[in-house]
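**Q** If it helps, the file is called my_file12.pdb and holds PDB, C-alpha atoms and all ligand atoms:
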ATOM      1  CA  MET A  23      96.746 -14.071 -40.648
ATOM      2  CA  THR A  24      98.207 -17.164 -39.050
ATOM      3  CA  THR A  25      98.919 -20.319 -41.033
ATOM      4  CA  PRO A  26      98.036 -23.670 -39.466
ATOM      5  CA  GLU A  27     101.067 -25.420 -38.007
ATOM      6  CA  GLN A  28     102.279 -28.314 -40.104
ATOM      7  CA  ALA A  29     101.874 -31.716 -38.470
ATOM      8  CA  PRO A  30     105.245 -33.265 -37.662
ATOM      9  CA  LEU A  31     106.343 -35.900 -40.160
ATOM     10  CA  PRO A  32     106.827 -39.534 -39.106
ATOM     11  CA  ASP A  33     110.291 -40.517 -37.831
ATOM     12  CA  ASN A  34     113.062 -40.558 -40.460
ATOM     13  CA  ILE A  35     110.848 -38.912 -43.071
ATOM     14  CA  HIS A  36     111.643 -35.426 -44.312
ATOM     15  CA  HIS A  37     110.426 -32.741 -46.612
ATOM     16  CA  TYR A  38     113.460 -30.485 -46.782
ATOM     17  CA  THR A  39     112.603 -26.950 -47.821
ATOM     18  CA  SER A  40     115.959 -25.266 -47.294
ATOM     19  CA  ILE A  41     119.531 -26.352 -47.982
ATOM     20  CA  SER A  42     120.425 -25.619 -44.365
ATOM     21  CA  GLU A  43     118.337 -28.656 -43.299
ATOM     22  CA  VAL A  44     119.815 -31.069 -45.833
ATOM     23  CA  PRO A  45     122.576 -33.538 -44.865
ATOM     24  CA  TYR A  46     125.691 -32.762 -46.927
ATOM     25  CA  GLU A  47     125.770 -36.192 -48.632
ATOM     26  CA  ILE A  48     122.380 -35.680 -50.233
ATOM     27  CA  SER A  49     122.611 -31.968 -51.024
ATOM     28  CA  LYS A  50     123.491 -32.802 -54.650
ATOM     29  CA  TYR A  51     120.218 -34.730 -54.985
ATOM     30  CA  TRP A  52     118.175 -32.114 -53.165
ATOM     31  CA  HIS A  53     119.302 -29.483 -55.684
ATOM     32  CA  GLN A  54     117.713 -31.713 -58.351
ATOM     33  CA  ARG A  55     114.481 -32.102 -56.337
ATOM     34  CA  HIS A  56     112.224 -30.518 -58.944
ATOM     35  CA  ASP A  57     113.681 -32.782 -61.644
ATOM     36  CA  ILE A  58     113.068 -35.744 -59.380
ATOM     37  CA  PHE A  59     109.516 -34.755 -58.451
ATOM     38  CA  SER A  60     107.910 -31.836 -60.289
ATOM     39  CA  LYS A  61     105.448 -31.644 -57.379
ATOM     40  CA  TYR A  62     108.225 -31.637 -54.753
ATOM     41  CA  ASP A  63     106.959 -28.375 -53.274
ATOM     42  CA  ASP A  64     103.497 -29.886 -52.770
ATOM     43  CA  GLY A  65     104.940 -31.805 -49.832
ATOM     44  CA  ILE A  66     106.887 -34.791 -51.179
ATOM     45  CA  TRP A  67     108.260 -37.050 -48.433
ATOM     46  CA  MET A  68     111.680 -38.697 -48.597
ATOM     47  CA  THR A  69     113.951 -40.705 -46.371
ATOM     48  CA  ASP A  70     117.603 -39.727 -46.618
ATOM     49  CA  ALA A  71     118.466 -43.077 -48.246
ATOM     50  CA  ALA A  72     115.668 -42.846 -50.823
ATOM     51  CA  TRP A  73     117.341 -39.887 -52.583
ATOM     52  CA  TYR A  74     120.125 -42.153 -53.876
ATOM     53  CA  GLY A  75     117.879 -44.612 -55.686
ATOM     54  CA  ILE A  76     114.907 -42.622 -56.874
ATOM     55  CA  THR A  77     114.109 -42.544 -60.582
ATOM     56  CA  PRO A  78     113.728 -38.918 -61.707
ATOM     57  CA  GLU A  79     110.262 -38.055 -62.951
ATOM     58  CA  PRO A  80     111.068 -37.439 -66.659
ATOM     59  CA  VAL A  81     112.826 -40.816 -66.837
ATOM     60  CA  ALA A  82     110.099 -42.631 -64.896
ATOM     61  CA  SER A  83     107.446 -41.015 -67.062
ATOM     62  CA  ARG A  84     109.209 -42.044 -70.283
ATOM     63  CA  ILE A  85     109.628 -45.619 -69.054
ATOM     64  CA  ALA A  86     105.935 -45.741 -68.145
ATOM     65  CA  THR A  87     104.988 -44.450 -71.608
ATOM     66  CA  ASP A  88     107.319 -46.880 -73.381
ATOM     67  CA  LEU A  89     106.109 -49.882 -71.413
ATOM     68  CA  ALA A  90     102.465 -48.882 -71.884
ATOM     69  CA  GLY A  91     102.999 -48.836 -75.637
ATOM     70  CA  GLN A  92     105.149 -51.936 -75.895
ATOM     71  CA  ALA A  93     103.466 -54.451 -73.608
ATOM     72  CA  PRO A  94     100.815 -56.599 -75.319
ATOM     73  CA  ALA A  95      97.180 -55.844 -74.414
ATOM     74  CA  SER A  96      96.998 -59.170 -72.562
ATOM     75  CA  LYS A  97      99.349 -57.708 -69.950
ATOM     76  CA  THR A  98      97.127 -55.865 -67.525
ATOM     77  CA  VAL A  99      98.952 -56.144 -64.176
ATOM     78  CA  LEU A 100     102.093 -54.218 -63.329
ATOM     79  CA  VAL A 101     104.224 -55.100 -60.319
ATOM     80  CA  ASP A 102     106.857 -52.605 -59.175
ATOM     81  CA  ALA A 103     109.078 -54.962 -57.173
ATOM     82  CA  PHE A 104     111.230 -52.273 -55.505
ATOM     83  CA  ALA A 105     108.944 -49.294 -55.116
ATOM     84  CA  GLY A 106     111.247 -47.041 -53.071
ATOM     85  CA  ALA A 107     109.709 -43.600 -52.570
ATOM     86  CA  GLY A 108     107.392 -44.127 -55.527
ATOM     87  CA  GLY A 109     109.245 -42.515 -58.448
ATOM     88  CA  ASN A 110     108.305 -45.240 -60.939
ATOM     89  CA  THR A 111     105.088 -46.489 -59.339
ATOM     90  CA  ILE A 112     103.473 -43.058 -59.545
ATOM     91  CA  GLN A 113     104.238 -42.740 -63.242
ATOM     92  CA  PHE A 114     102.918 -46.235 -63.985
ATOM     93  CA  ALA A 115      99.689 -45.267 -62.232
ATOM     94  CA  LEU A 116      99.487 -41.934 -64.048
ATOM     95  CA  SER A 117      99.839 -43.733 -67.399
ATOM     96  CA  GLY A 118      96.382 -45.262 -66.862
ATOM     97  CA  ARG A 119      97.513 -48.352 -68.783
ATOM     98  CA  TRP A 120      97.235 -50.969 -66.025
ATOM     99  CA  SER A 121      94.125 -52.464 -64.473
ATOM    100  CA  GLN A 122      96.114 -53.354 -61.350
ATOM    101  CA  ILE A 123      99.381 -52.030 -59.983
ATOM    102  CA  PHE A 124     101.183 -53.639 -57.070
ATOM    103  CA  ALA A 125     104.030 -51.787 -55.372
ATOM    104  CA  VAL A 126     106.338 -53.827 -53.146
ATOM    105  CA  GLU A 127     108.821 -52.323 -50.714
ATOM    106  CA  ARG A 128     110.506 -54.165 -47.903
ATOM    107  CA  GLY A 129     108.877 -53.131 -44.728
ATOM    108  CA  LYS A 130     110.705 -54.912 -41.989
ATOM    109  CA  TRP A 131     113.780 -52.730 -41.842
ATOM    110  CA  HIS A 132     112.586 -49.559 -43.528
ATOM    111  CA  PRO A 133     108.814 -49.153 -43.072
ATOM    112  CA  GLU A 134     109.120 -45.423 -43.601
ATOM    113  CA  VAL A 135     110.081 -45.814 -47.291
ATOM    114  CA  LEU A 136     106.689 -47.298 -48.144
ATOM    115  CA  LYS A 137     105.038 -44.518 -46.144
ATOM    116  CA  CYS A 138     106.848 -42.027 -48.384
ATOM    117  CA  ALA A 139     105.728 -43.852 -51.540
ATOM    118  CA  LYS A 140     102.090 -43.892 -50.442
ATOM    119  CA  HIS A 141     102.171 -40.262 -49.418
ATOM    120  CA  ASN A 142     103.903 -39.202 -52.638
ATOM    121  CA  ALA A 143     101.309 -41.105 -54.667
ATOM    122  CA  GLU A 144      98.649 -39.122 -52.772
ATOM    123  CA  VAL A 145     100.394 -35.907 -53.784
ATOM    124  CA  TYR A 146     100.065 -37.068 -57.408
ATOM    125  CA  GLY A 147      96.473 -38.202 -56.879
ATOM    126  CA  VAL A 148      97.057 -41.881 -57.685
ATOM    127  CA  ALA A 149      97.503 -43.600 -54.285
ATOM    128  CA  LYS A 150      94.157 -45.377 -54.541
ATOM    129  CA  LYS A 151      95.106 -46.958 -57.875
ATOM    130  CA  ILE A 152      97.953 -48.883 -56.248
ATOM    131  CA  PHE A 153      98.002 -51.997 -54.032
ATOM    132  CA  TRP A 154     100.773 -51.412 -51.521
ATOM    133  CA  ILE A 155     102.677 -54.436 -50.259
ATOM    134  CA  SER A 156     105.096 -54.145 -47.375
ATOM    135  CA  GLY A 157     107.490 -57.067 -47.676
ATOM    136  CA  ASP A 158     110.346 -58.792 -49.430
ATOM    137  CA  ALA A 159     109.850 -58.851 -53.203
ATOM    138  CA  PHE A 160     111.505 -62.260 -53.463
ATOM    139  CA  VAL A 161     108.876 -63.699 -51.118
ATOM    140  CA  GLU A 162     105.846 -61.608 -52.054
ATOM    141  CA  LEU A 163     106.007 -61.939 -55.829
ATOM    142  CA  PRO A 164     105.977 -65.742 -56.011
ATOM    143  CA  ARG A 165     103.499 -65.990 -53.143
ATOM    144  CA  ARG A 166     100.891 -63.469 -54.245
ATOM    145  CA  LEU A 167     101.341 -63.178 -57.951
ATOM    146  CA  LYS A 168     101.859 -66.645 -59.310
ATOM    147  CA  LYS A 169      98.187 -66.909 -60.134
ATOM    148  CA  LEU A 170      98.310 -63.634 -62.071
ATOM    149  CA  GLY A 171     101.247 -65.090 -64.068
ATOM    150  CA  LYS A 172     100.371 -64.576 -67.699
ATOM    151  CA  SER A 173      98.869 -61.124 -67.298
ATOM    152  CA  THR A 174     101.726 -59.715 -65.196
ATOM    153  CA  VAL A 175     104.693 -57.537 -66.040
ATOM    154  CA  VAL A 176     107.340 -57.075 -63.354
ATOM    155  CA  PHE A 177     109.311 -53.840 -63.238
ATOM    156  CA  ALA A 178     112.349 -53.968 -60.984
ATOM    157  CA  SER A 179     114.663 -51.100 -60.088
ATOM    158  CA  PRO A 180     116.912 -52.857 -57.578
ATOM    159  CA  PRO A 181     119.531 -51.187 -55.412
ATOM    160  CA  TRP A 182     122.797 -50.834 -57.347
ATOM    161  CA  GLY A 183     125.073 -51.040 -54.322
ATOM    162  CA  GLY A 184     125.289 -47.285 -53.671
ATOM    163  CA  PRO A 185     126.956 -44.516 -55.675
ATOM    164  CA  ALA A 186     130.168 -46.594 -56.110
ATOM    165  CA  TYR A 187     128.724 -48.108 -59.302
ATOM    166  CA  THR A 188     129.882 -44.925 -61.056
ATOM    167  CA  ASP A 189     133.519 -45.911 -60.375
ATOM    168  CA  TYR A 190     133.371 -48.580 -63.073
ATOM    169  CA  GLU A 191     133.603 -47.998 -66.789
ATOM    170  CA  VAL A 192     131.740 -51.275 -67.275
ATOM    171  CA  PHE A 193     129.566 -52.373 -64.393
ATOM    172  CA  ASP A 194     129.745 -56.070 -63.525
ATOM    173  CA  LEU A 195     126.155 -57.179 -62.959
ATOM    174  CA  SER A 196     127.269 -60.455 -61.415
ATOM    175  CA  VAL A 197     128.562 -58.629 -58.331
ATOM    176  CA  MET A 198     125.796 -56.038 -58.088
ATOM    177  CA  GLU A 199     124.890 -55.670 -54.384
ATOM    178  CA  PRO A 200     122.796 -56.950 -52.770
ATOM    179  CA  TYR A 201     121.176 -58.780 -55.717
ATOM    180  CA  SER A 202     123.065 -59.934 -58.791
ATOM    181  CA  LEU A 203     121.508 -59.984 -62.239
ATOM    182  CA  LEU A 204     121.286 -63.769 -62.053
ATOM    183  CA  HIS A 205     119.490 -63.622 -58.700
ATOM    184  CA  LEU A 206     116.992 -61.043 -59.958
ATOM    185  CA  TYR A 207     116.320 -62.853 -63.208
ATOM    186  CA  ARG A 208     115.972 -66.302 -61.654
ATOM    187  CA  SER A 209     113.700 -65.062 -58.883
ATOM    188  CA  PHE A 210     111.321 -62.990 -60.962
ATOM    189  CA  SER A 211     111.181 -65.248 -64.007
ATOM    190  CA  THR A 212     109.358 -67.793 -61.832
ATOM    191  CA  VAL A 213     106.477 -65.271 -61.796
ATOM    192  CA  THR A 214     106.751 -64.024 -65.378
ATOM    193  CA  LYS A 215     109.280 -63.847 -68.210
ATOM    194  CA  ASP A 216     107.887 -60.420 -68.990
ATOM    195  CA  MET A 217     110.019 -58.169 -66.874
ATOM    196  CA  VAL A 218     111.858 -54.896 -67.095
ATOM    197  CA  LEU A 219     115.059 -54.259 -65.178
ATOM    198  CA  TYR A 220     116.264 -50.711 -64.492
ATOM    199  CA  LEU A 221     120.046 -50.886 -64.280
ATOM    200  CA  PRO A 222     123.185 -48.707 -64.275
ATOM    201  CA  ARG A 223     123.949 -47.034 -67.608
ATOM    202  CA  THR A 224     127.360 -48.717 -67.656
ATOM    203  CA  SER A 225     125.946 -52.255 -67.199
ATOM    204  CA  ASP A 226     127.905 -54.951 -69.009
ATOM    205  CA  LEU A 227     125.798 -55.643 -72.094
ATOM    206  CA  ARG A 228     127.604 -58.938 -72.719
ATOM    207  CA  GLN A 229     126.213 -60.221 -69.431
ATOM    208  CA  LEU A 230     122.726 -59.110 -70.434
ATOM    209  CA  ALA A 231     123.024 -60.735 -73.849
ATOM    210  CA  MET A 232     123.265 -64.103 -72.127
ATOM    211  CA  TYR A 233     119.620 -63.706 -71.129
ATOM    212  CA  ASP A 234     118.292 -63.390 -74.662
ATOM    213  CA  ASP A 235     115.143 -65.424 -74.777
ATOM    214  CA  GLU A 236     115.894 -68.406 -77.015
ATOM    215  CA  GLY A 237     117.550 -66.239 -79.628
ATOM    216  CA  GLU A 238     115.021 -63.386 -79.392
ATOM    217  CA  LYS A 239     116.574 -59.943 -79.290
ATOM    218  CA  LEU A 240     116.647 -58.199 -75.927
ATOM    219  CA  LYS A 241     115.683 -54.565 -76.006
ATOM    220  CA  VAL A 242     117.987 -52.252 -74.042
ATOM    221  CA  VAL A 243     117.128 -48.557 -73.859
ATOM    222  CA  HIS A 244     119.173 -45.694 -72.448
ATOM    223  CA  TYR A 245     117.081 -43.122 -70.615
ATOM    224  CA  CYS A 246     118.601 -39.656 -70.700
ATOM    225  CA  MET A 247     118.168 -36.335 -68.966
ATOM    226  CA  HIS A 248     119.945 -33.096 -69.782
ATOM    227  CA  GLY A 249     121.797 -34.887 -72.581
ATOM    228  CA  ALA A 250     123.271 -37.683 -70.477
ATOM    229  CA  SER A 251     122.213 -41.263 -69.873
ATOM    230  CA  LYS A 252     120.791 -41.792 -66.393
ATOM    231  CA  ALA A 253     120.215 -45.540 -66.621
ATOM    232  CA  ILE A 254     119.153 -48.324 -68.929
ATOM    233  CA  CYS A 255     116.063 -50.479 -69.012
ATOM    234  CA  VAL A 256     116.316 -54.035 -70.200
ATOM    235  CA  TYR A 257     113.027 -55.267 -71.633
ATOM    236  CA  PHE A 258     112.646 -59.049 -71.346
ATOM    237  CA  GLY A 259     109.995 -61.270 -72.906
ATOM    238  CA  ALA A 260     107.048 -59.455 -74.434
ATOM    239  CA  THR A 261     107.778 -56.154 -72.688
ATOM    240  CA  GLY A 262     110.067 -54.966 -75.489
ATOM    241  CA  GLY A 263     107.236 -54.871 -77.999
ATOM    242  CA  GLY A 264     108.707 -57.412 -80.427
TER     243      GLY A 264
HETATM  244  C1  LIG B 301     116.644 -48.159 -56.241
HETATM  245  S1  LIG B 301     115.430 -48.142 -55.023
HETATM  246  C2  LIG B 301     113.935 -48.043 -55.963
HETATM  247  C3  LIG B 301     113.563 -46.656 -56.298
HETATM  248  C4  LIG B 301     112.212 -46.489 -56.969
HETATM  249  N1  LIG B 301     112.206 -47.030 -58.303
HETATM  250  C5  LIG B 301     111.829 -45.015 -57.022
HETATM  251  O1  LIG B 301     111.862 -44.411 -58.089
HETATM  252  O2  LIG B 301     111.519 -44.479 -55.947
HETATM  253  C6  LIG B 301     115.389 -49.782 -54.456
HETATM  254  C7  LIG B 301     114.416 -50.029 -53.342
HETATM  255  O3  LIG B 301     114.296 -51.446 -53.148
HETATM  256  C8  LIG B 301     114.062 -51.689 -51.788
HETATM  257  N2  LIG B 301     114.396 -53.104 -51.561
HETATM  258  C9  LIG B 301     115.627 -53.673 -51.466
HETATM  259  N3  LIG B 301     115.520 -55.001 -51.321
HETATM  260  C10 LIG B 301     114.182 -55.292 -51.350
HETATM  261  C11 LIG B 301     113.448 -56.499 -51.267
HETATM  262  N4  LIG B 301     114.057 -57.658 -51.126
HETATM  263  N5  LIG B 301     112.108 -56.425 -51.359
HETATM  264  C12 LIG B 301     111.466 -55.235 -51.508
HETATM  265  N6  LIG B 301     112.115 -54.053 -51.577
HETATM  266  C13 LIG B 301     113.468 -54.072 -51.508
HETATM  267  C14 LIG B 301     114.953 -50.706 -51.069
HETATM  268  O4  LIG B 301     114.491 -50.482 -49.753
HETATM  269  C15 LIG B 301     114.829 -49.480 -51.981
HETATM  270  O5  LIG B 301     113.817 -48.633 -51.515
END
How would this structure read if it were set down as C-alpha cells?

**A**
Amino acid sequence: MTTPEQAPLPDNIHHYTSISEVPYEISKYWHQRHDIFSKYDDGIWMTDAAWYGITPEPVASRIATDLAGQAPASKTVLVDAFAGAGGNTIQFALSGRWSQIFAVERGKWHPEVLKCAKHNAEVYGVAKKIFWISGDAFVELPRRLKKLGKSTVVFASPPWGGPAYTDYEVFDLSVMEPYSLLHLYRSFSTVTKDMVLYLPRTSDLRQLAMYDDEGEKLKVVHYCMHGASKAICVYFGATGGG
C-alpha cells in the first residue's frame, strides 16, 4: 500500500521527524518536542527561531488555567500580544474561558511564524476560536483594542534577548532586548492595566515591585517543569485574582 506524499511545507517552516534533520543549535529543544507540544507528532510546524521562545505545553496549560480562575468574570477578551508558534494561544483557547481571543505576531519580517501558530492551533482543533493578527503588537493593540479596554486582558511573552539571559543570576529587566519592562508596561497599560507578563525565572523582582499598582500586591508565580522553574508570570491589575 502506498501512502500519499506529504505536501511540502511553506518556506522556513519545518516538522522535523528525525534528529538528522535538526540544526545542531536547536537539537536540545527538539529532544523536548513532546514536552513542548504533546501533539508534536500530529504535524506541528515550527520555524527554527520559534523553538527558543516557545512556552512548553504543561506551563502554558497551567498559566491558562490560573488566569481563567483568577481573572474577574467581566474580563472576557484575551489578547496574546506575542503569539509565536502558538504555545500559549492554543492553551488559552482550549481553556474555553474567553469569548474572544486575539493572537498578534509580527508579520512583516517573519510571516511564517504566524502560519505555524495557525497551523498548530488547527492541530489542537482551536484555530477557529482565535482572531489572528499579523502585525506589530505595539501598533495593533492600541489601534484595535482600545474600545475593548475594560473587558480585555493582555498576555505578553516577549522575546528575552536569546538564550544569553541564563548567564545572569539576576536578570536586569531594564535592558531586556528588544523591549524593556518599562517599554512593555507603558505600551500595554494604555490598553489595559490587566496584563500578564511571562518573564525569565531570574527576573529582578525589585524592578517588578516598582510596578505595584498603588500599593496593591503584585502576584508573581514561578512555573515549573521536571522540578525546575521555567519562567515566571507577573500578574498585574485584576489578573492576579486579588
Ligand atoms: C517568546 S516568543 C513567544 C512565544 C509564544 N508565547 C509561544 O509559546 O509560542 C516572542 C514572539 O514575539 C514576536 N514579536 C517580537 N516583537 C513583536 C512585536 N513588536 N509585535 C508582535 N510580535 C512580536 C516574535 O516574532 C516571537 O515570535

**Q** Check what the PyMOL selection byres (((chain A and resi 203) around 10) and not hetatm) selects in the file above and give those residues as a PDB file with C-alpha atoms, in the coordinates of the input.

**A**
ATOM      1  CA  PRO A 180     116.912 -52.857 -57.578  1.00  0.00           C
ATOM      2  CA  ASP A 194     129.745 -56.070 -63.525  1.00  0.00           C
ATOM      3  CA  LEU A 195     126.155 -57.179 -62.959  1.00  0.00           C
ATOM      4  CA  SER A 196     127.269 -60.455 -61.415  1.00  0.00           C
ATOM      5  CA  VAL A 197     128.562 -58.629 -58.331  1.00  0.00           C
ATOM      6  CA  MET A 198     125.796 -56.038 -58.088  1.00  0.00           C
ATOM      7  CA  GLU A 199     124.890 -55.670 -54.384  1.00  0.00           C
ATOM      8  CA  TYR A 201     121.176 -58.780 -55.717  1.00  0.00           C
ATOM      9  CA  SER A 202     123.065 -59.934 -58.791  1.00  0.00           C
ATOM     10  CA  LEU A 204     121.286 -63.769 -62.053  1.00  0.00           C
ATOM     11  CA  HIS A 205     119.490 -63.622 -58.700  1.00  0.00           C
ATOM     12  CA  LEU A 206     116.992 -61.043 -59.958  1.00  0.00           C
ATOM     13  CA  TYR A 207     116.320 -62.853 -63.208  1.00  0.00           C
ATOM     14  CA  ARG A 208     115.972 -66.302 -61.654  1.00  0.00           C
ATOM     15  CA  SER A 209     113.700 -65.062 -58.883  1.00  0.00           C
ATOM     16  CA  LEU A 219     115.059 -54.259 -65.178  1.00  0.00           C
ATOM     17  CA  LEU A 221     120.046 -50.886 -64.280  1.00  0.00           C
ATOM     18  CA  GLN A 229     126.213 -60.221 -69.431  1.00  0.00           C
ATOM     19  CA  LEU A 230     122.726 -59.110 -70.434  1.00  0.00           C
ATOM     20  CA  TYR A 233     119.620 -63.706 -71.129  1.00  0.00           C
TER      21      TYR A 233
END

**Q** Give the answer as one residue: which of A:Phe124, A:Tyr220, A:Tyr146, A:Tyr62 has the shortest atom-to-atom distance to ligand LIG 301 (chain B), using only C-alpha atoms and all ligand atoms?

**A** A:Tyr220

**Q** Using all atoms listed in the file for the distances, tell me which of A:Ile41, A:Val126, A:Ala29, A:Cys255 is nearest to Ala105 (chain A).

**A**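 So, comparing all the options, the nearest one is A:Val126.
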
**Q** Could you work out how far CA of His141 (chain A) lies from atom O5 of ligand LIG 301 (chain B), giving the answer in Å with one decimal?

**A**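 One can read the atom O5 of ligand LIG 301 (chain B) to CA of His141 (chain A) distance as 14.5 Å.
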
**Q** Can you pull out every residue with an atom within 6 Å of ligand LIG 301 (chain B)? Use only C-alpha atoms and all ligand atoms and format it as a list in words.

**A** Gly75, Ile76, Thr77, Phe104, Ala105, Gly106, Ala107, Gly108, Gly109, Asn110, Val126, Glu127, Arg128, Gly157, Asp158, Ala159, Phe160, Ser179, Pro180 and Pro181 of chain A

**Q** Mind telling me what the PyMOL selection byres (((chain A and resi 171) around 10) and not hetatm) catches here, as an MDAnalysis selection string?

**A** chainID A and resid 97 99 164 166:170 172:175 211:216

**Q** Name the residues that the PyMOL selection byres (((chain A and resi 79) around 7) and not hetatm) picks from the file above, as a list in words, using the file's chain letters and numbers.

**A**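 This file gives the following for the PyMOL selection byres (((chain A and resi 79) around 7) and not hetatm): Asp57, Ile58, Phe59, Thr77, Pro78, Pro80, Val81, Ala82, Ser83 and Gly109 of chain A.
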
**Q** Name the residues in contact with region 36-38 of chain A at a cut-off of 8 Å, using only C-alpha atoms, excluding same-chain residues fewer than 5 positions from it; report them as a PyMOL selection string.

**A** chain A and resi 31+43-44+65-70
